[in-house]
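A.B. asks: The structure file protein-v7.txt (compact mmCIF, C-alpha atoms and all ligand atoms) is provided below.
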# COMPACT_ATOMS: atom_id res chain seq x y z
CA MET A 3 -18.64 17.68 2.14
CA THR A 4 -19.16 19.49 5.44
CA THR A 5 -21.20 16.64 6.77
CA LEU A 6 -18.53 14.16 5.76
CA ARG A 7 -15.79 16.25 7.31
CA ASN A 8 -17.73 16.58 10.52
CA ALA A 9 -18.11 12.83 10.60
CA TYR A 10 -14.33 12.48 10.33
CA LEU A 11 -13.81 15.10 13.03
CA ASP A 12 -16.13 13.19 15.26
CA ALA A 13 -14.16 10.03 14.53
CA LEU A 14 -11.00 11.85 15.51
CA GLY A 15 -12.58 12.97 18.74
CA ILE A 16 -11.87 16.64 18.00
CA ASP A 17 -13.99 19.75 17.80
CA ARG A 18 -15.33 20.70 14.45
CA TRP A 19 -13.82 23.61 12.54
CA VAL A 20 -15.42 25.63 9.76
CA PRO A 21 -13.96 28.43 7.64
CA ARG A 22 -14.67 32.03 8.55
CA ASN A 23 -17.04 32.47 5.63
CA ALA A 24 -19.03 29.31 6.21
CA PRO A 25 -22.70 30.13 5.72
CA VAL A 26 -23.97 28.17 8.69
CA GLU A 27 -22.70 26.65 11.90
CA THR A 28 -20.98 28.53 14.66
CA ALA A 29 -17.87 26.51 15.36
CA PRO A 30 -14.79 28.48 16.48
CA GLU A 31 -12.91 30.23 13.71
CA ILE A 32 -9.48 29.06 12.74
CA GLU A 33 -6.79 30.62 14.85
CA PRO A 34 -4.01 32.69 13.30
CA PRO A 35 -0.63 30.97 13.23
CA ARG A 36 0.64 30.74 16.77
CA VAL A 37 4.36 30.65 16.26
CA ILE A 38 6.21 31.45 13.10
CA GLU A 39 9.80 30.35 13.38
CA THR A 40 11.27 29.93 9.99
CA ALA A 41 14.27 27.67 10.15
CA PRO A 42 17.26 28.38 7.93
CA ALA A 43 17.44 26.63 4.59
CA MET A 44 17.77 22.95 5.31
CA PRO A 45 20.15 20.43 3.87
CA ALA A 46 18.50 17.58 2.04
CA ALA A 47 19.34 15.00 4.65
CA ARG A 48 20.90 14.60 8.06
CA ALA A 49 22.24 11.21 7.18
CA PRO A 50 25.95 11.02 6.47
CA GLN A 51 26.85 10.66 2.85
CA VAL A 52 28.07 7.27 1.76
CA PRO A 53 31.28 7.92 -0.18
CA SER A 54 30.89 4.99 -2.55
CA PHE A 55 27.39 5.99 -3.57
CA VAL A 56 26.77 8.66 -6.15
CA PRO A 57 23.05 9.38 -6.52
CA PRO A 58 21.79 9.43 -10.08
CA PRO A 59 20.93 12.84 -11.51
CA PRO A 60 17.31 13.86 -11.12
CA VAL A 61 14.88 13.07 -13.90
CA ALA A 62 12.31 15.33 -15.50
CA THR A 63 9.22 13.12 -15.63
CA TRP A 64 7.15 11.18 -13.14
CA ASP A 65 7.19 8.07 -15.31
CA GLU A 66 10.96 8.01 -15.46
CA LEU A 67 11.20 8.52 -11.73
CA ARG A 68 8.70 5.74 -11.07
CA GLY A 69 10.78 3.41 -13.20
CA ARG A 70 13.94 4.31 -11.36
CA VAL A 71 12.41 3.69 -7.97
CA ALA A 72 10.87 0.39 -9.05
CA ALA A 73 14.24 -0.86 -10.25
CA CYS A 74 16.30 0.52 -7.37
CA THR A 75 18.79 -1.72 -5.61
CA ALA A 76 20.78 1.05 -3.94
CA CYS A 77 20.35 -0.33 -0.43
CA ASP A 78 19.73 -3.72 1.15
CA LEU A 79 16.01 -3.07 1.60
CA CYS A 80 15.59 -4.14 -2.01
CA LYS A 81 16.28 -7.71 -0.87
CA THR A 82 13.37 -7.90 1.55
CA ARG A 83 10.71 -5.73 -0.06
CA THR A 84 7.70 -7.11 -1.85
CA GLN A 85 7.66 -4.02 -4.02
CA THR A 86 8.69 -0.40 -3.89
CA VAL A 87 6.18 2.16 -2.63
CA PHE A 88 6.65 5.20 -4.82
CA GLY A 89 3.93 7.47 -3.48
CA VAL A 90 0.39 8.24 -4.46
CA GLY A 91 -1.86 11.14 -5.26
CA ASN A 92 -2.26 14.16 -7.43
CA THR A 93 0.97 15.03 -9.24
CA SER A 94 -0.26 18.63 -9.44
CA ALA A 95 -1.10 18.81 -5.74
CA GLU A 96 -0.19 21.83 -3.66
CA TRP A 97 0.09 19.74 -0.49
CA LEU A 98 2.76 17.09 -0.02
CA VAL A 99 2.47 14.71 2.92
CA ILE A 100 5.67 12.91 3.88
CA GLY A 101 5.82 9.93 6.19
CA GLU A 102 8.52 7.51 7.26
CA ALA A 103 8.56 4.27 5.31
CA PRO A 104 6.21 1.55 4.09
CA GLY A 105 4.83 -0.88 6.65
CA ALA A 106 3.58 -4.39 6.02
CA ASP A 107 0.30 -3.30 4.41
CA GLU A 108 2.02 -0.72 2.24
CA ASP A 109 4.68 -3.21 1.16
CA ARG A 110 1.92 -5.61 0.14
CA GLN A 111 -0.25 -3.08 -1.67
CA GLY A 112 2.42 -0.79 -3.10
CA GLU A 113 0.75 2.34 -1.74
CA PRO A 114 1.69 4.53 1.24
CA PHE A 115 -0.58 4.96 4.23
CA VAL A 116 -3.06 2.16 3.83
CA GLY A 117 -4.48 0.18 6.73
CA ARG A 118 -5.56 1.78 10.00
CA ALA A 119 -2.86 4.45 10.01
CA GLY A 120 -3.81 5.35 6.47
CA GLN A 121 -7.46 5.64 7.40
CA LEU A 122 -6.57 7.99 10.24
CA LEU A 123 -4.34 10.06 7.93
CA ASN A 124 -7.26 10.33 5.52
CA ALA A 125 -9.45 11.52 8.38
CA MET A 126 -6.85 14.06 9.50
CA LEU A 127 -6.55 15.46 5.98
CA LEU A 128 -10.27 15.55 5.38
CA ALA A 129 -10.75 17.39 8.66
CA ILE A 130 -8.95 20.36 7.09
CA GLY A 131 -10.75 19.99 3.78
CA LEU A 132 -8.25 17.82 1.96
CA PRO A 133 -9.60 14.61 0.43
CA ARG A 134 -6.75 12.13 0.05
CA GLU A 135 -6.85 12.31 -3.74
CA THR A 136 -6.12 16.06 -3.71
CA VAL A 137 -2.70 15.72 -2.05
CA PHE A 138 0.44 13.76 -2.86
CA ILE A 139 1.68 11.30 -0.26
CA ALA A 140 5.20 9.91 -0.11
CA ASN A 141 7.67 8.50 2.38
CA ILE A 142 11.30 9.09 3.25
CA LEU A 143 12.01 5.47 2.25
CA LYS A 144 10.45 3.69 -0.71
CA CYS A 145 11.00 0.17 0.65
CA ARG A 146 9.88 -1.41 3.90
CA PRO A 147 12.45 -1.83 6.67
CA PRO A 148 12.05 -5.38 8.03
CA GLY A 149 9.99 -5.50 11.19
CA ASN A 150 9.17 -1.81 10.77
CA ARG A 151 12.45 -0.82 12.39
CA ASP A 152 13.70 2.74 12.05
CA PRO A 153 15.44 3.51 8.76
CA LYS A 154 19.23 3.31 8.87
CA PRO A 155 21.20 6.44 7.94
CA GLU A 156 22.68 4.83 4.83
CA GLU A 157 19.20 3.79 3.67
CA VAL A 158 17.94 7.33 4.10
CA SER A 159 20.99 8.73 2.37
CA ARG A 160 20.45 6.53 -0.67
CA CYS A 161 16.70 6.97 -0.88
CA LEU A 162 16.30 10.69 -0.21
CA PRO A 163 17.34 11.70 -3.74
CA PHE A 164 14.11 10.09 -4.94
CA LEU A 165 12.05 12.20 -2.53
CA SER A 166 14.00 15.30 -3.53
CA ASN A 167 13.23 14.49 -7.17
CA GLN A 168 9.54 14.08 -6.29
CA ILE A 169 9.54 17.48 -4.56
CA ALA A 170 11.26 19.07 -7.56
CA LEU A 171 8.62 17.65 -9.90
CA LEU A 172 5.67 18.45 -7.65
CA ARG A 173 6.79 21.87 -6.39
CA PRO A 174 4.30 21.79 -3.51
CA LYS A 175 3.14 24.96 -1.80
CA ILE A 176 3.35 23.30 1.62
CA ILE A 177 4.76 20.10 3.10
CA LEU A 178 3.20 18.28 6.04
CA ALA A 179 5.68 15.90 7.64
CA VAL A 180 4.08 13.24 9.82
CA GLY A 181 6.18 11.61 12.50
CA ARG A 182 9.63 11.93 14.01
CA ILE A 183 11.56 10.13 11.30
CA ALA A 184 10.21 12.32 8.50
CA ALA A 185 10.64 15.50 10.50
CA GLN A 186 14.17 14.78 11.64
CA ASN A 187 15.39 13.77 8.21
CA LEU A 188 13.79 16.69 6.41
CA LEU A 189 15.13 19.15 8.96
CA ALA A 190 18.52 17.50 9.42
CA THR A 191 18.15 17.43 13.17
CA ASP A 192 17.96 15.02 16.07
CA ALA A 193 15.55 17.24 17.99
CA PRO A 194 12.51 15.46 19.41
CA LEU A 195 9.24 15.89 17.58
CA ALA A 196 7.77 17.83 20.50
CA ARG A 197 10.29 20.60 19.82
CA LEU A 198 9.68 20.60 16.07
CA ARG A 199 5.90 20.83 15.94
CA GLY A 200 4.12 24.14 16.48
CA LYS A 201 6.63 26.02 14.34
CA LEU A 202 6.84 26.90 10.71
CA HIS A 203 9.94 25.43 9.08
CA THR A 204 11.10 25.57 5.51
CA PHE A 205 12.55 22.89 3.27
CA GLY A 206 15.01 23.00 0.42
CA GLU A 207 16.18 25.72 -1.91
CA ALA A 208 12.60 26.76 -2.60
CA ASN A 209 12.06 27.37 1.13
CA THR A 210 8.85 25.40 0.93
CA PRO A 211 6.83 25.86 4.14
CA LEU A 212 7.05 22.72 6.27
CA VAL A 213 4.76 21.85 9.17
CA ILE A 214 5.36 18.93 11.51
CA THR A 215 2.81 16.73 13.23
CA TYR A 216 2.45 13.28 14.69
CA HIS A 217 2.42 10.09 12.66
CA PRO A 218 -1.07 8.58 12.55
CA ALA A 219 0.32 5.23 13.73
CA TYR A 220 1.56 7.03 16.85
CA LEU A 221 -1.82 8.67 17.31
CA LEU A 222 -3.49 5.27 17.17
CA ARG A 223 -1.29 4.21 20.08
CA THR A 224 -1.56 7.55 21.87
CA PRO A 225 -5.01 9.01 21.22
CA ALA A 226 -4.50 11.65 23.92
CA ASP A 227 -2.21 13.48 21.49
CA LYS A 228 -4.90 13.79 18.81
CA ARG A 229 -5.72 17.18 20.24
CA LYS A 230 -2.17 18.39 19.56
CA ALA A 231 -2.30 16.90 16.08
CA TRP A 232 -5.47 18.84 15.43
CA GLU A 233 -3.68 22.05 16.45
CA ASP A 234 -0.90 21.18 14.01
CA LEU A 235 -3.38 20.57 11.21
CA LYS A 236 -5.12 23.89 11.83
CA PHE A 237 -1.71 25.57 11.86
CA ALA A 238 -0.85 23.97 8.52
CA ARG A 239 -4.20 24.96 7.04
CA ALA A 240 -3.80 28.56 8.24
CA THR A 241 -0.27 28.66 6.84
CA TYR A 242 -1.50 27.42 3.48
CA ALA A 243 -4.29 30.01 3.48
CA ARG A 244 -1.80 32.74 4.29
CA ILE A 245 0.72 31.85 1.60
CA THR A 246 -1.98 31.46 -1.02
CA GLY A 247 -3.62 34.75 -0.16
CA GLY A 248 -6.44 33.28 1.83
CA ALA A 249 -7.38 30.65 -0.70
CA ASN A 250 -9.96 28.40 0.83
CA ALA A 251 -9.92 25.58 -1.66
CA PRO A 252 -8.27 22.33 -0.68
CA GLY A 253 -5.05 21.01 -2.12
CA ASN A 254 -5.26 21.40 -5.81
CA GLY A 255 -7.80 24.14 -5.89
S1 LIG B 301 14.77 2.02 0.16
FE1 LIG B 301 15.14 3.50 -1.49
S2 LIG B 301 17.36 3.37 -1.87
FE2 LIG B 301 16.78 1.48 -0.76
S3 LIG B 301 16.34 -0.03 -2.37
FE3 LIG B 301 14.39 0.96 -1.81
S4 LIG B 301 14.17 2.61 -3.32
FE4 LIG B 301 16.33 2.00 -3.35
Mind turning the file's structure into structure tokens?
C.D. replies:
Amino acid sequence: MTTLRNAYLDALGIDRWVPRNAPVETAPEIEPPRVIETAPAMPAARAPQVPSFVPPPPVATWDELRGRVAACTACDLCKTRTQTVFGVGNTSAEWLVIGEAPGADEDRQGEPFVGRAGQLLNAMLLAIGLPRETVFIANILKCRPPGNRDPKPEEVSRCLPFLSNQIALLRPKIILAVGRIAAQNLLATDAPLARLRGKLHTFGEANTPLVITYHPAYLLRTPADKRKAWEDLKFARATYARITGGANAPGNG
């Protein structure tokens, strides 16, 4: 596993990290959390509510929720999607990764974070000891916006109840939001991503710890920021270790 992770770290162009109790290797130890700024409890969405739309009540099972998403026609994105992209991963995971919306590859395959951005996300997660299958990955939107444009407020407003239902079912110990769109919508803010990363936020009534980092698609375009993303990942990993009493096991233990 260590060898594989190191290979991913090398691919990311970042220094290797090993836990404090690693038996060999002398890489720098993980730093303690740099800044802990816990935001107040966040509303579910920054998007304005659409008066004519009443979200359905949450459901109690993953299967029922999957069915609801697959059949959803609550916004116009249903007209242009190939299929909905519900999310993927371990439904008992302690880590939830939230991105923006499906792209062309995701729309075609029905799974979030595939293609080059997905491969980089996998590498980022594995670099902190989290194989993709140990986390749950979802998006703010379940359908692809045409041309990969930013989600519209009414689309976010209508789709976020599904993500809230996913969070209620999963009850993650920590959320990692990747990219500006995910961060701004989860935190109900218009603040730029640069001001949101490097801090510990919380989400929802459960005050779930929320850490912000860059979207892997952005990092593919701007590799110079991989270093900052690595700092964010270490911060998230240290936060998880702290809230789980120093647990060193990835994702689902
Ligand atoms: S984006 Fe969300 S709200 Fe809109 S049709 Fe797809 S599942 Fe429904």
A.B. asks: For chain A versus ligand LIG 301 (chain B), which residues have an atom no more than 7 Å away, and what is each residue's nearest atom pair and distance in Å rounded to one decimal, using only C-alpha atoms and all ligand atoms, chain-then-number order, as a tab-separated table?
C.D. replies:
residue	atom	partner	partner_atom	distance
A:Val71	CA	B:LIG301	S4	5.1
A:Ala72	CA	B:LIG301	S4	7.0
A:Cys74	CA	B:LIG301	FE4	4.3
A:Thr75	CA	B:LIG301	S3	4.4
A:Ala76	CA	B:LIG301	FE4	4.6
A:Cys77	CA	B:LIG301	FE2	4.0
A:Asp78	CA	B:LIG301	S3	6.1
A:Leu79	CA	B:LIG301	S3	5.0
A:Cys80	CA	B:LIG301	S3	4.2
A:Thr86	CA	B:LIG301	FE3	6.2
A:Leu143	CA	B:LIG301	S1	4.9
A:Lys144	CA	B:LIG301	S4	4.7
A:Cys145	CA	B:LIG301	S1	4.2
A:Glu157	CA	B:LIG301	FE2	5.6
A:Arg160	CA	B:LIG301	S2	4.6
A:Cys161	CA	B:LIG301	S2	3.8
A.B. asks: Keeping only C-alpha atoms, write the selected residues to a file as a PDB file, in the frame of the given file.
C.D. replies:
ATOM      1  CA  VAL A  71      12.410   3.690  -7.970  1.00  0.00           C
ATOM      2  CA  ALA A  72      10.870   0.390  -9.050  1.00  0.00           C
ATOM      3  CA  CYS A  74      16.300   0.520  -7.370  1.00  0.00           C
ATOM      4  CA  THR A  75      18.790  -1.720  -5.610  1.00  0.00           C
ATOM      5  CA  ALA A  76      20.780   1.050  -3.940  1.00  0.00           C
ATOM      6  CA  CYS A  77      20.350  -0.330  -0.430  1.00  0.00           C
ATOM      7  CA  ASP A  78      19.730  -3.720   1.150  1.00  0.00           C
ATOM      8  CA  LEU A  79      16.010  -3.070   1.600  1.00  0.00           C
ATOM      9  CA  CYS A  80      15.590  -4.140  -2.010  1.00  0.00           C
ATOM     10  CA  THR A  86       8.690  -0.400  -3.890  1.00  0.00           C
ATOM     11  CA  LEU A 143      12.010   5.470   2.250  1.00  0.00           C
ATOM     12  CA  LYS A 144      10.450   3.690  -0.710  1.00  0.00           C
ATOM     13  CA  CYS A 145      11.000   0.170   0.650  1.00  0.00           C
ATOM     14  CA  GLU A 157      19.200   3.790   3.670  1.00  0.00           C
ATOM     15  CA  ARG A 160      20.450   6.530  -0.670  1.00  0.00           C
ATOM     16  CA  CYS A 161      16.700   6.970  -0.880  1.00  0.00           C
TER      17      CYS A 161
END
A.B. asks: Could you jot down the atom CA of Pro147 of chain A to atom CA of Gly105 of chain A separation for me, Å, one decimal place?
C.D. replies: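 Separating atom CA of Pro147 of chain A from atom CA of Gly105 of chain A is a distance of 7.7 Å.
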A.B. asks: From the list A:Pro114, A:Pro163, A:Pro60, A:Gly69, which residue is nearest Gly89 of chain A when using all atoms listed in the file?
C.D. replies: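 Using all atoms listed in the file, the shortest distance to Gly89 of chain A belongs to A:Pro114.
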A.B. asks: Identify, on the basis of all atoms listed in the file, every residue whose closest approach to Arg110 of chain A does not exceed 8 Å; exclude the query and any residue fewer than 3 positions from it along the same chain; express the result as an MDAnalysis selection string.
C.D. replies: chainID A and resid 84:85 106:107
A.B. asks: Go ahead and find all residues with at least one atom no further than 7 Å from (1.9, 20.8, 5.6) in the file's coordinates, using all atoms listed in the file; report them as a PyMOL selection string.
C.D. replies: chain A and resi 97-99+176-179+212-213+238
A.B. asks: Mind pulling up the distance from atom CA of His203 of chain A to atom CA of Ala185 of chain A?
C.D. replies: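 Between these atoms lies a distance of 10.1 Å.
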A.B. asks: So that I can see what lies close to Pro194 of chain A, please list as a list in words the residues with an atom at most 12 Å from it, counting only C-alpha atoms and leaving out residues fewer than 2 positions away in the same chain.
C.D. replies: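 Near Pro194 of chain A, the qualifying residues are Gly181, Arg182, Ile183, Ala184, Ala185, Gln186, Asn187, Leu189, Ala190, Thr191, Asp192, Ala196, Arg197, Leu198, Arg199, Ile214, Thr215 and Tyr216 of chain A.
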A.B. asks: Write out as a PyMOL selection string the residues lying within 9 Å of Ala170 of chain A, counting only C-alpha atoms and excluding same-chain residues fewer than 4 positions away.
C.D. replies: chain A and resi 60+62+165-166+174
A.B. asks: Residues near Glu113 of chain A, anyone? I mean within 7 Å using only C-alpha atoms, not counting same-chain ones fewer than 5 positions away, as a count of residues only.
C.D. replies: 4
A.B. asks: For the atom pair atom CA of Arg118 of chain A and atom CA of Ala103 of chain A, what is the interatomic distance in Å to one decimal place?
C.D. replies: 15.1 Å
A.B. asks: Between A:Leu172, A:Ile245, A:Leu235, A:Ala193, single out the one closest to Ala95 of chain A, counting only C-alpha atoms.
C.D. replies: A:Leu172
A.B. asks: For each of A:Gly247, A:Leu132, A:Glu102, A:Ala208, take the minimum atom-to-atom distance to Leu162 of chain A, counting only C-alpha atoms, then give the residue where this is smallest.
C.D. replies: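 For Leu162 of chain A, the nearest of the given residues is A:Glu102.
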A.B. asks: Ranking A:Asn167, A:Ala243, A:Arg229, A:Lys236 by minimum distance to Leu127 of chain A and counting only C-alpha atoms, which one comes first?
C.D. replies: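 Checking each of A:Asn167, A:Ala243, A:Arg229, A:Lys236 against Leu127 of chain A, counting only C-alpha atoms, the winner is A:Lys236.
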A.B. asks: For a quick check of understanding, using all atoms listed in the file, which of A:Asn141, A:Thr241, A:Thr136, A:Asn92 has the smallest distance to Gly112 of chain A?
C.D. replies: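 Selected residue with least distance to Gly112 of chain A: A:Asn141.
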A.B. asks: For a quick check of understanding, using all atoms listed in the file, which of A:Ala219, A:Ser94, A:Pro104, A:Val116 has the smallest distance to Phe138 of chain A?
C.D. replies: A:Ser94
A.B. asks: Can you list, as an mmCIF file with C-alpha atoms, in the coordinates of the input, every protein, DNA or RNA residue that comes within 9 Å of Trp64 of chain A when you count all atoms listed in the file, leaving out same-chain residues fewer than 2 positions away?
C.D. replies:
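Output saved as selection32.cif:
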data_model
loop_
_atom_site.group_PDB
_atom_site.id
_atom_site.type_symbol
_atom_site.label_atom_id
_atom_site.label_comp_id
_atom_site.auth_asym_id
_atom_site.auth_seq_id
_atom_site.Cartn_x
_atom_site.Cartn_y
_atom_site.Cartn_z
ATOM 1 C CA VAL A 61 14.880 13.070 -13.900
ATOM 2 C CA ALA A 62 12.310 15.330 -15.500
ATOM 3 C CA GLU A 66 10.960 8.010 -15.460
ATOM 4 C CA LEU A 67 11.200 8.520 -11.730
ATOM 5 C CA ARG A 68 8.700 5.740 -11.070
ATOM 6 C CA GLY A 69 10.780 3.410 -13.200
ATOM 7 C CA THR A 93 0.970 15.030 -9.240
ATOM 8 C CA GLN A 168 9.540 14.080 -6.290
ATOM 9 C CA LEU A 171 8.620 17.650 -9.900
#
A.B. asks: Where atoms are missing, can you supply all heavy atoms for segment 232-242 of chain A and output the lot as a CSV table (one decimal), in the coordinates of the input?
C.D. replies:
chain,number,residue,atom,x,y,z
A,232,TRP,N,-4.4,18.0,16.0
A,232,TRP,CA,-5.5,18.8,15.4
A,232,TRP,C,-5.0,20.3,15.4
A,232,TRP,O,-5.2,21.0,14.4
A,232,TRP,CB,-6.8,18.7,16.2
A,232,TRP,CG,-7.9,19.6,15.8
A,232,TRP,CD1,-8.6,20.4,16.6
A,232,TRP,CD2,-8.4,19.8,14.5
A,232,TRP,NE1,-9.6,21.1,15.9
A,232,TRP,CE2,-9.5,20.7,14.6
A,232,TRP,CE3,-8.1,19.2,13.2
A,232,TRP,CZ2,-10.2,21.1,13.5
A,232,TRP,CZ3,-8.8,19.7,12.1
A,232,TRP,CH2,-9.9,20.6,12.2
A,233,GLU,N,-4.3,20.7,16.4
A,233,GLU,CA,-3.7,22.0,16.4
A,233,GLU,C,-2.7,22.2,15.3
A,233,GLU,O,-2.6,23.2,14.6
A,233,GLU,CB,-3.0,22.3,17.8
A,233,GLU,CG,-3.9,22.4,19.0
A,233,GLU,CD,-5.0,23.5,18.8
A,233,GLU,OE1,-4.6,24.6,18.3
A,233,GLU,OE2,-6.1,23.3,19.1
A,234,ASP,N,-1.9,21.1,15.1
A,234,ASP,CA,-0.9,21.2,14.0
A,234,ASP,C,-1.6,21.3,12.7
A,234,ASP,O,-1.2,22.0,11.8
A,234,ASP,CB,0.0,19.9,14.0
A,234,ASP,CG,0.8,19.8,15.3
A,234,ASP,OD1,1.1,20.8,15.9
A,234,ASP,OD2,1.1,18.6,15.6
A,235,LEU,N,-2.7,20.6,12.5
A,235,LEU,CA,-3.4,20.6,11.2
A,235,LEU,C,-4.0,21.9,11.0
A,235,LEU,O,-4.0,22.5,9.8
A,235,LEU,CB,-4.5,19.5,11.2
A,235,LEU,CG,-3.9,18.0,11.2
A,235,LEU,CD1,-5.1,17.1,11.5
A,235,LEU,CD2,-3.3,17.7,9.9
A,236,LYS,N,-4.6,22.5,12.0
A,236,LYS,CA,-5.1,23.9,11.8
A,236,LYS,C,-4.0,24.9,11.5
A,236,LYS,O,-4.2,25.8,10.7
A,236,LYS,CB,-5.9,24.3,13.1
A,236,LYS,CG,-7.2,23.6,13.3
A,236,LYS,CD,-8.0,24.2,14.4
A,236,LYS,CE,-7.4,24.1,15.8
A,236,LYS,NZ,-8.2,24.7,16.8
A,237,PHE,N,-2.9,24.7,12.1
A,237,PHE,CA,-1.7,25.6,11.9
A,237,PHE,C,-1.3,25.4,10.4
A,237,PHE,O,-1.0,26.4,9.7
A,237,PHE,CB,-0.6,25.2,12.8
A,237,PHE,CG,0.7,26.0,12.6
A,237,PHE,CD1,0.7,27.4,12.6
A,237,PHE,CD2,1.9,25.3,12.5
A,237,PHE,CE1,1.8,28.1,12.4
A,237,PHE,CE2,3.1,26.0,12.4
A,237,PHE,CZ,3.0,27.4,12.3
A,238,ALA,N,-1.2,24.2,9.9
A,238,ALA,CA,-0.8,24.0,8.5
A,238,ALA,C,-1.9,24.6,7.6
A,238,ALA,O,-1.5,25.2,6.6
A,238,ALA,CB,-0.7,22.5,8.2
A,239,ARG,N,-3.1,24.4,7.9
A,239,ARG,CA,-4.2,25.0,7.0
A,239,ARG,C,-4.1,26.5,7.0
A,239,ARG,O,-4.3,27.1,6.0
A,239,ARG,CB,-5.6,24.5,7.6
A,239,ARG,CG,-6.7,24.8,6.6
A,239,ARG,CD,-6.6,24.0,5.3
A,239,ARG,NE,-7.7,24.3,4.4
A,239,ARG,CZ,-7.7,25.3,3.6
A,239,ARG,NH1,-6.7,26.2,3.6
A,239,ARG,NH2,-8.7,25.5,2.7
A,240,ALA,N,-3.9,27.1,8.2
A,240,ALA,CA,-3.8,28.6,8.2
A,240,ALA,C,-2.6,29.0,7.5
A,240,ALA,O,-2.6,30.1,6.8
A,240,ALA,CB,-3.7,29.0,9.7
A,241,THR,N,-1.5,28.3,7.6
A,241,THR,CA,-0.3,28.7,6.8
A,241,THR,C,-0.5,28.6,5.3
A,241,THR,O,-0.2,29.5,4.6
A,241,THR,CB,0.9,27.7,7.2
A,241,THR,OG1,1.1,27.8,8.6
A,241,THR,CG2,2.1,28.0,6.4
A,242,TYR,N,-1.2,27.5,4.9
A,242,TYR,CA,-1.5,27.4,3.5
A,242,TYR,C,-2.4,28.6,3.0
A,242,TYR,O,-2.2,29.2,2.0
A,242,TYR,CB,-2.2,26.1,3.2
A,242,TYR,CG,-2.7,26.0,1.8
A,242,TYR,CD1,-1.9,25.6,0.7
A,242,TYR,CD2,-4.1,26.2,1.6
A,242,TYR,CE1,-2.4,25.6,-0.5
A,242,TYR,CE2,-4.6,26.1,0.3
A,242,TYR,CZ,-3.8,25.8,-0.8
A,242,TYR,OH,-4.3,25.7,-2.0
